[in-house]
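S.K.: If it helps, the file is called final-v5.cif and holds mmCIF, C-alpha atoms:
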data_target
loop_
_atom_site.group_PDB
_atom_site.id
_atom_site.type_symbol
_atom_site.label_atom_id
_atom_site.label_comp_id
_atom_site.auth_asym_id
_atom_site.auth_seq_id
_atom_site.Cartn_x
_atom_site.Cartn_y
_atom_site.Cartn_z
ATOM 1 C CA MET A 14 -14.824 -28.015 39.090
ATOM 2 C CA GLU A 15 -14.112 -27.706 35.428
ATOM 3 C CA GLU A 16 -11.261 -25.410 34.477
ATOM 4 C CA ILE A 17 -12.072 -23.152 31.614
ATOM 5 C CA TYR A 18 -8.718 -21.502 31.173
ATOM 6 C CA SER A 19 -7.337 -21.374 27.686
ATOM 7 C CA GLU A 20 -4.746 -24.096 27.072
ATOM 8 C CA GLU A 21 -2.759 -21.752 24.899
ATOM 9 C CA GLN A 22 -1.915 -18.961 27.281
ATOM 10 C CA GLN A 23 -0.021 -17.178 24.521
ATOM 11 C CA LEU A 24 -3.191 -16.764 22.489
ATOM 12 C CA CYS A 25 -4.553 -14.437 25.141
ATOM 13 C CA LYS A 26 -1.452 -12.294 25.378
ATOM 14 C CA ILE A 27 -2.205 -8.603 25.263
ATOM 15 C CA THR A 28 0.105 -6.697 22.958
ATOM 16 C CA LYS A 29 0.349 -3.218 21.549
ATOM 17 C CA ALA A 30 2.060 -1.945 18.423
ATOM 18 C CA ARG A 31 5.294 -0.141 19.224
ATOM 19 C CA PRO A 32 5.252 3.669 19.431
ATOM 20 C CA GLU A 33 7.662 3.756 16.440
ATOM 21 C CA THR A 34 5.118 1.891 14.312
ATOM 22 C CA VAL A 35 2.378 4.309 15.319
ATOM 23 C CA GLN A 36 4.680 7.259 14.563
ATOM 24 C CA PHE A 37 5.511 5.796 11.153
ATOM 25 C CA LEU A 38 1.807 5.493 10.346
ATOM 26 C CA LEU A 39 1.102 9.066 11.409
ATOM 27 C CA ARG A 40 4.002 10.353 9.314
ATOM 28 C CA PHE A 41 2.899 8.205 6.361
ATOM 29 C CA SER A 42 -0.594 9.611 6.662
ATOM 30 C CA LYS A 43 0.680 13.205 6.722
ATOM 31 C CA SER A 44 2.876 12.625 3.679
ATOM 32 C CA LEU A 45 0.209 10.892 1.588
ATOM 33 C CA GLN A 46 -1.758 13.094 -0.738
ATOM 34 C CA VAL A 47 -4.528 11.947 -3.000
ATOM 35 C CA VAL A 48 -4.995 13.885 -6.221
ATOM 36 C CA ASP A 49 -8.072 13.559 -8.367
ATOM 37 C CA TYR A 50 -7.393 14.171 -12.050
ATOM 38 C CA LYS A 51 -10.231 13.566 -14.514
ATOM 39 C CA ASN A 52 -11.773 11.055 -12.098
ATOM 40 C CA ILE A 53 -8.482 9.193 -11.898
ATOM 41 C CA ILE A 54 -7.119 9.087 -8.375
ATOM 42 C CA PHE A 55 -3.366 9.446 -7.890
ATOM 43 C CA GLU A 56 -1.539 8.912 -4.642
ATOM 44 C CA ARG A 57 1.597 10.869 -3.971
ATOM 45 C CA THR A 58 3.938 10.594 -1.040
ATOM 46 C CA LEU A 59 5.663 13.841 -0.154
ATOM 47 C CA ASN A 60 8.949 13.747 1.703
ATOM 48 C CA MET B 20 -16.092 12.626 32.983
ATOM 49 C CA GLU B 21 -13.946 12.603 29.883
ATOM 50 C CA LEU B 22 -15.832 13.178 26.682
ATOM 51 C CA GLN B 23 -15.064 10.505 24.120
ATOM 52 C CA ILE B 24 -15.605 11.278 20.468
ATOM 53 C CA ASP B 25 -16.983 8.227 18.698
ATOM 54 C CA ASP B 26 -15.145 6.495 15.861
ATOM 55 C CA SER B 27 -17.435 7.654 13.088
ATOM 56 C CA ALA B 28 -16.909 11.311 14.054
ATOM 57 C CA LEU B 29 -13.141 10.779 14.185
ATOM 58 C CA VAL B 30 -13.189 9.105 10.770
ATOM 59 C CA LYS B 31 -15.159 12.039 9.415
ATOM 60 C CA ASN B 32 -12.682 14.518 10.941
ATOM 61 C CA TYR B 33 -9.737 12.576 9.542
ATOM 62 C CA ILE B 34 -11.234 12.532 6.047
ATOM 63 C CA GLY B 35 -11.715 16.274 6.496
ATOM 64 C CA GLY B 36 -7.970 16.685 7.100
ATOM 65 C CA ASP B 37 -7.633 16.347 10.877
ATOM 66 C CA GLU B 38 -4.536 14.148 11.270
ATOM 67 C CA LYS B 39 -4.947 14.145 15.066
ATOM 68 C CA ALA B 40 -8.138 12.102 14.632
ATOM 69 C CA LEU B 41 -6.115 9.260 13.134
ATOM 70 C CA GLU B 42 -3.754 9.283 16.104
ATOM 71 C CA ILE B 43 -6.713 8.936 18.468
ATOM 72 C CA LEU B 44 -8.182 6.106 16.392
ATOM 73 C CA ILE B 45 -4.887 4.197 16.250
ATOM 74 C CA ASN B 46 -4.202 4.620 19.969
ATOM 75 C CA ARG B 47 -7.770 3.734 20.881
ATOM 76 C CA HIS B 48 -7.739 0.437 18.992
ATOM 77 C CA ASN B 49 -4.021 -0.349 19.089
ATOM 78 C CA GLN B 50 -4.218 -2.966 21.853
ATOM 79 C CA ARG B 51 -7.292 -4.699 20.515
ATOM 80 C CA ILE B 52 -6.051 -4.989 16.946
ATOM 81 C CA SER B 53 -2.483 -5.934 17.936
ATOM 82 C CA SER B 54 -3.690 -8.590 20.375
ATOM 83 C CA PHE B 55 -6.023 -9.984 17.740
ATOM 84 C CA ILE B 56 -3.189 -10.245 15.191
ATOM 85 C CA TYR B 57 -0.805 -11.696 17.786
ATOM 86 C CA SER B 58 -3.348 -14.351 18.801
ATOM 87 C CA LYS B 59 -3.221 -15.639 15.221
ATOM 88 C CA VAL B 60 0.439 -15.286 14.212
ATOM 89 C CA LEU B 61 2.126 -15.664 17.645
ATOM 90 C CA ASP B 62 5.090 -13.559 16.593
ATOM 91 C CA ARG B 63 5.768 -10.059 17.838
ATOM 92 C CA ASP B 64 7.527 -8.780 14.690
ATOM 93 C CA ILE B 65 4.961 -10.224 12.284
ATOM 94 C CA THR B 66 2.226 -8.705 14.430
ATOM 95 C CA GLU B 67 3.938 -5.358 14.065
ATOM 96 C CA ASP B 68 4.202 -5.739 10.260
ATOM 97 C CA ILE B 69 0.572 -6.764 9.834
ATOM 98 C CA PHE B 70 -0.593 -3.963 12.137
ATOM 99 C CA GLN B 71 1.355 -1.482 10.012
ATOM 100 C CA ASP B 72 0.034 -2.867 6.703
ATOM 101 C CA THR B 73 -3.505 -2.834 8.082
ATOM 102 C CA PHE B 74 -3.348 0.868 8.872
ATOM 103 C CA ILE B 75 -1.618 1.699 5.593
ATOM 104 C CA LYS B 76 -4.691 0.202 3.900
ATOM 105 C CA VAL B 77 -6.995 2.087 6.283
ATOM 106 C CA ILE B 78 -5.223 5.408 5.597
ATOM 107 C CA LYS B 79 -5.265 4.920 1.819
ATOM 108 C CA THR B 80 -8.929 3.931 1.768
ATOM 109 C CA LEU B 81 -9.978 6.872 3.936
ATOM 110 C CA LYS B 82 -7.902 9.391 1.964
ATOM 111 C CA ARG B 83 -9.261 8.075 -1.328
ATOM 112 C CA GLY B 84 -12.771 8.595 0.015
ATOM 113 C CA SER B 85 -13.661 4.934 -0.567
ATOM 114 C CA TYR B 86 -14.750 4.245 3.032
ATOM 115 C CA SER B 87 -18.481 3.833 3.394
ATOM 116 C CA GLU B 88 -19.054 1.832 6.570
ATOM 117 C CA GLU B 89 -19.909 4.659 8.898
ATOM 118 C CA GLY B 90 -20.148 3.672 12.527
ATOM 119 C CA LYS B 91 -18.412 0.330 12.025
ATOM 120 C CA PHE B 92 -14.804 1.403 11.993
ATOM 121 C CA LEU B 93 -13.313 -1.261 14.280
ATOM 122 C CA PRO B 94 -14.982 -4.295 12.627
ATOM 123 C CA TRP B 95 -13.827 -2.923 9.267
ATOM 124 C CA VAL B 96 -10.207 -2.577 10.454
ATOM 125 C CA MET B 97 -10.370 -6.027 12.046
ATOM 126 C CA ARG B 98 -11.527 -7.472 8.726
ATOM 127 C CA ILE B 99 -8.576 -5.870 6.925
ATOM 128 C CA ALA B 100 -6.209 -7.271 9.577
ATOM 129 C CA HIS B 101 -7.854 -10.689 9.263
ATOM 130 C CA ASN B 102 -7.376 -10.707 5.481
ATOM 131 C CA LEU B 103 -3.729 -9.699 5.863
ATOM 132 C CA ILE B 104 -3.203 -12.513 8.383
ATOM 133 C CA ILE B 105 -4.594 -14.971 5.821
ATOM 134 C CA ASP B 106 -2.277 -13.474 3.164
ATOM 135 C CA HIS B 107 0.638 -13.912 5.570
ATOM 136 C CA PHE B 108 -0.073 -17.610 6.099
ATOM 137 C CA ARG B 109 -0.618 -18.196 2.378
ATOM 138 C CA LYS B 110 2.712 -16.556 1.608
ATOM 139 C CA ASN B 111 4.482 -18.540 4.308
ATOM 140 C CA LYS B 112 3.065 -21.767 2.970
ATOM 141 C CA ARG B 113 4.561 -21.004 -0.431
ATOM 142 C CA MET B 114 7.847 -19.783 1.036
ATOM 143 C CA PRO B 115 8.765 -21.541 4.292
ATOM 144 C CA LYS B 116 10.733 -19.311 6.610
ATOM 145 C CA PHE B 117 14.382 -20.097 7.320
ATOM 146 C CA GLU B 118 15.517 -19.048 10.750
ATOM 147 C CA GLY B 119 19.258 -18.417 11.111
ATOM 148 C CA ASN B 120 21.178 -18.971 14.307
ATOM 149 C CA ASP B 121 24.225 -17.457 16.021
ATOM 150 C CA ASP B 122 26.678 -19.659 14.073
ATOM 151 C CA PHE B 123 25.223 -19.137 10.650
ATOM 152 C CA ASN B 124 23.313 -16.271 9.202
ATOM 153 C CA ILE B 125 21.741 -16.918 5.814
ATOM 154 C CA PHE B 126 22.012 -13.223 4.919
ATOM 155 C CA SER B 127 25.804 -13.464 4.960
ATOM 156 C CA VAL B 128 25.695 -15.652 1.826
ATOM 157 C CA ILE B 129 22.672 -14.376 -0.046
ATOM 158 C CA LYS B 130 22.098 -10.869 -1.177
ATOM 159 C CA ASP B 131 18.691 -9.268 -1.371
ATOM 160 C CA ASP B 132 18.658 -7.019 -4.418
ATOM 161 C CA LYS B 133 15.011 -6.122 -3.966
ATOM 162 C CA LEU B 134 13.857 -2.656 -3.045
ATOM 163 C CA ASN B 135 13.139 -1.976 0.594
ATOM 164 C CA ALA B 136 9.508 -1.804 1.733
ATOM 165 C CA GLU B 137 9.248 1.985 1.398
ATOM 166 C CA LYS B 138 10.809 2.100 -2.077
ATOM 167 C CA GLN B 139 8.676 -0.844 -3.223
ATOM 168 C CA LEU B 140 5.593 1.021 -2.006
ATOM 169 C CA ILE B 141 6.623 4.112 -3.976
ATOM 170 C CA LYS B 142 7.470 2.008 -7.064
ATOM 171 C CA ASP B 143 4.079 0.256 -6.997
ATOM 172 C CA GLN B 144 2.410 3.634 -6.676
ATOM 173 C CA ILE B 145 4.365 5.065 -9.621
ATOM 174 C CA ASP B 146 3.632 1.994 -11.782
ATOM 175 C CA SER B 147 -0.064 2.203 -11.092
ATOM 176 C CA ASP B 148 -0.154 5.990 -11.657
ATOM 177 C CA LEU B 149 1.698 5.587 -14.933
ATOM 178 C CA THR B 150 -0.739 2.939 -16.166
ATOM 179 C CA LEU B 151 -3.593 5.357 -15.575
ATOM 180 C CA LEU B 152 -1.743 8.153 -17.390
ATOM 181 C CA ILE B 153 -1.011 5.910 -20.373
ATOM 182 C CA ASP B 154 -4.724 5.150 -20.629
ATOM 183 C CA GLU B 155 -5.277 8.867 -21.242
ATOM 184 C CA LEU B 156 -3.157 8.846 -24.425
ATOM 185 C CA PRO B 157 -4.694 8.671 -27.914
ATOM 186 C CA GLU B 158 -5.157 5.046 -28.992
ATOM 187 C CA ASP B 159 -2.425 5.015 -31.693
ATOM 188 C CA GLN B 160 0.198 6.465 -29.334
ATOM 189 C CA LYS B 161 -0.828 4.192 -26.486
ATOM 190 C CA GLU B 162 -0.552 1.133 -28.738
ATOM 191 C CA VAL B 163 3.035 1.932 -29.744
ATOM 192 C CA LEU B 164 4.106 2.834 -26.203
ATOM 193 C CA VAL B 165 2.665 -0.362 -24.702
ATOM 194 C CA MET B 166 4.337 -2.516 -27.371
ATOM 195 C CA ARG B 167 7.682 -0.803 -26.909
ATOM 196 C CA ILE B 168 7.832 -0.455 -23.116
ATOM 197 C CA TYR B 169 5.674 -3.258 -21.736
ATOM 198 C CA LYS B 170 6.060 -5.864 -24.500
ATOM 199 C CA ASP B 171 9.672 -4.909 -25.258
ATOM 200 C CA MET B 172 9.110 -5.038 -29.020
ATOM 201 C CA SER B 173 11.476 -3.379 -31.485
ATOM 202 C CA PHE B 174 10.197 -0.546 -33.688
ATOM 203 C CA LYS B 175 10.496 -2.916 -36.670
ATOM 204 C CA GLU B 176 8.184 -5.421 -34.951
ATOM 205 C CA ILE B 177 5.823 -2.606 -33.944
ATOM 206 C CA SER B 178 5.619 -1.333 -37.535
ATOM 207 C CA GLU B 179 4.870 -4.884 -38.784
ATOM 208 C CA ASN B 180 2.177 -5.399 -36.138
ATOM 209 C CA THR B 181 0.455 -2.074 -36.538
ATOM 210 C CA GLY B 182 0.835 -1.759 -40.310
ATOM 211 C CA VAL B 183 2.565 1.626 -40.190
ATOM 212 C CA SER B 184 6.100 2.600 -41.166
ATOM 213 C CA ILE B 185 8.948 2.556 -38.626
ATOM 214 C CA ASN B 186 9.109 6.358 -38.837
ATOM 215 C CA THR B 187 5.422 6.678 -37.982
ATOM 216 C CA ALA B 188 5.855 4.296 -35.042
ATOM 217 C CA LEU B 189 8.834 6.356 -33.836
ATOM 218 C CA GLY B 190 6.813 9.554 -34.186
ATOM 219 C CA ARG B 191 3.894 8.111 -32.218
ATOM 220 C CA MET B 192 6.252 7.000 -29.477
ATOM 221 C CA ARG B 193 7.743 10.498 -29.364
ATOM 222 C CA TYR B 194 4.321 12.148 -29.115
ATOM 223 C CA ALA B 195 3.233 9.643 -26.481
ATOM 224 C CA LEU B 196 6.197 10.625 -24.304
ATOM 225 C CA ILE B 197 5.643 14.346 -24.917
ATOM 226 C CA ASN B 198 1.976 14.027 -23.966
ATOM 227 C CA LEU B 199 2.788 12.020 -20.855
ATOM 228 C CA ARG B 200 5.295 14.664 -19.752
ATOM 229 C CA LYS B 201 2.699 17.387 -20.328
ATOM 230 C CA ILE B 202 0.105 15.671 -18.122
ATOM 231 C CA VAL B 203 2.716 14.985 -15.441
ATOM 232 C CA GLU B 204 3.967 18.590 -15.426
ATOM 233 C CA ARG B 205 0.513 20.138 -15.553
ATOM 234 C CA ASN B 206 -0.587 18.215 -12.490
ATOM 235 C CA ASN B 207 2.681 18.280 -10.545
ATOM 236 C CA ILE B 208 2.722 14.488 -10.399
ATOM 237 C CA VAL B 209 6.033 13.126 -9.124
ATOM 238 C CA LEU B 210 7.059 9.919 -10.860
ATOM 239 C CA THR B 211 10.466 9.271 -9.320
ATOM 240 C CA ASN B 212 11.572 6.834 -6.661
#
Taking this structure as input, can you express it in the form of structure tokens?

M.R.:
Amino acid sequence: MEEIYSEEQQLCKITKARPETVQFLLRFSKSLQVVDYKNIIFERTLN
Amino acid sequence: MELQIDDSALVKNYIGGDEKALEILINRHNQRISSFIYSKVLDRDITEDIFQDTFIKVIKTLKRGSYSEEGKFLPWVMRIAHNLIIDHFRKNKRMPKFEGNDDFNIFSVIKDDKLNAEKQLIKDQIDSDLTLLIDELPEDQKEVLVMRIYKDMSFKEISENTGVSINTALGRMRYALINLRKIVERNNIVLTN
């Protein structure tokens, strides 16, 4: 019978972004503020 | 049975200020997006970087209110990731990667004087904000400021190019800076890195 497995096993590897990366994104999102001034949009990152 | 809120509702909540909605979206699609990126780049760290850049773009677009593809959140994110993967390969083609080993580390002999990723992000943001602010200035002030700061021209060269005296050019530069400061202060815009 024909084998239909992928030759490149690595291509099918299941990965997940690290929790630190997810935390960074959530913190980045919380710190990012978008200000609209005269139809010009400014982004500001609050610490 | 657990009730699952669909992506479009979460996107709507997030745009409305619910930060928890973003966490759910990231966790829900984390594996799928990461695996997709990994299947193309075959490197764990690069996968992590591209995943991060993808969501930075997602966050910025959503917060700016530029997202319009309701109901198609995942394909949209996948498309961003796909474009960033292409950018990654283009960049690598121009700049082949040098891998160090245990005996020799390239970073011991070269120094990277560039800003780190976070500071670069802030700098890019400030530069782009400033460009928009400069556009708000009266034409004569903007002209002098652009020549002085961006084209690095002397006030003598500016006066020759604009047909005004050096003193007038200096005055316009002064007013340009005063006006910029006023706009910045009035709107509590932070322009520091």

S.K.: Show me which bits of chain A are within 6 Å of chain B, counting all atoms listed in the file, as a PyMOL selection string.

M.R.: chain A and resi 24+27-30

S.K.: Can you work out the spacing between CA of Asp154 (chain B) and CA of Tyr50 (chain A) in Å, to one decimal?

M.R.: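 A separation of 12.7 Å between them.
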
S.K.: Decode the PyMOL selection byres ((chain B and resi 91) around 12) for the given file into explicit residues and return them as a PyMOL selection string.

M.R.: chain B and resi 25-30+86-90+92-98

S.K.: CA of Phe55 (chain A) and CA of Asp143 (chain B) are how many Å apart?

M.R.: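 Distance reported for this atom pair: 11.9 Å.
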
S.K.: I would like the residues chosen by the PyMOL selection byres ((chain B and resi 192) around 10) on the shown file; could you give them as a PyMOL selection string?

M.R.: chain B and resi 159-168+174+186-191+193-198

S.K.: Report, in Å to a single decimal, how far apart CA of Lys201 (chain B) and CA of Leu134 (chain B) are.

M.R.: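 These atoms are spaced 28.7 Å apart.
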
S.K.: So for region 56-66 of chain B, what box centre and size do we get, axis-aligned, 4 Å extra on each of the six sides, every listed atom, Å to one decimal, as lines of an AutoDock Vina configuration file?

M.R.:
center_x = 2.1
center_y = -12.2
center_z = 15.5
size_x = 18.9
size_y = 15.0
size_z = 14.5

S.K.: Which residue out of B:Val183, B:Ala100, B:Leu199, B:Arg47 has the minimum interatomic distance to Pro157 (chain B) when all atoms listed in the file are used?

M.R.: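 With all atoms listed in the file as the atom set, the closest residue is B:Leu199.
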
S.K.: List the residues selected by the PyMOL selection byres ((chain A and resi 44) around 12) in the file shown, writing them as a tab-separated table (two decimals) with C-alpha atoms, in the coordinates of the input.

M.R.:
chain	number	residue	atom	x	y	z
A	37	PHE	CA	5.51	5.80	11.15
A	38	LEU	CA	1.81	5.49	10.35
A	39	LEU	CA	1.10	9.07	11.41
A	40	ARG	CA	4.00	10.35	9.31
A	41	PHE	CA	2.90	8.20	6.36
A	42	SER	CA	-0.59	9.61	6.66
A	43	LYS	CA	0.68	13.20	6.72
A	45	LEU	CA	0.21	10.89	1.59
A	46	GLN	CA	-1.76	13.09	-0.74
A	47	VAL	CA	-4.53	11.95	-3.00
A	56	GLU	CA	-1.54	8.91	-4.64
A	57	ARG	CA	1.60	10.87	-3.97
A	58	THR	CA	3.94	10.59	-1.04
A	59	LEU	CA	5.66	13.84	-0.15
A	60	ASN	CA	8.95	13.75	1.70
B	38	GLU	CA	-4.54	14.15	11.27
B	75	ILE	CA	-1.62	1.70	5.59
B	78	ILE	CA	-5.22	5.41	5.60
B	79	LYS	CA	-5.26	4.92	1.82
B	82	LYS	CA	-7.90	9.39	1.96
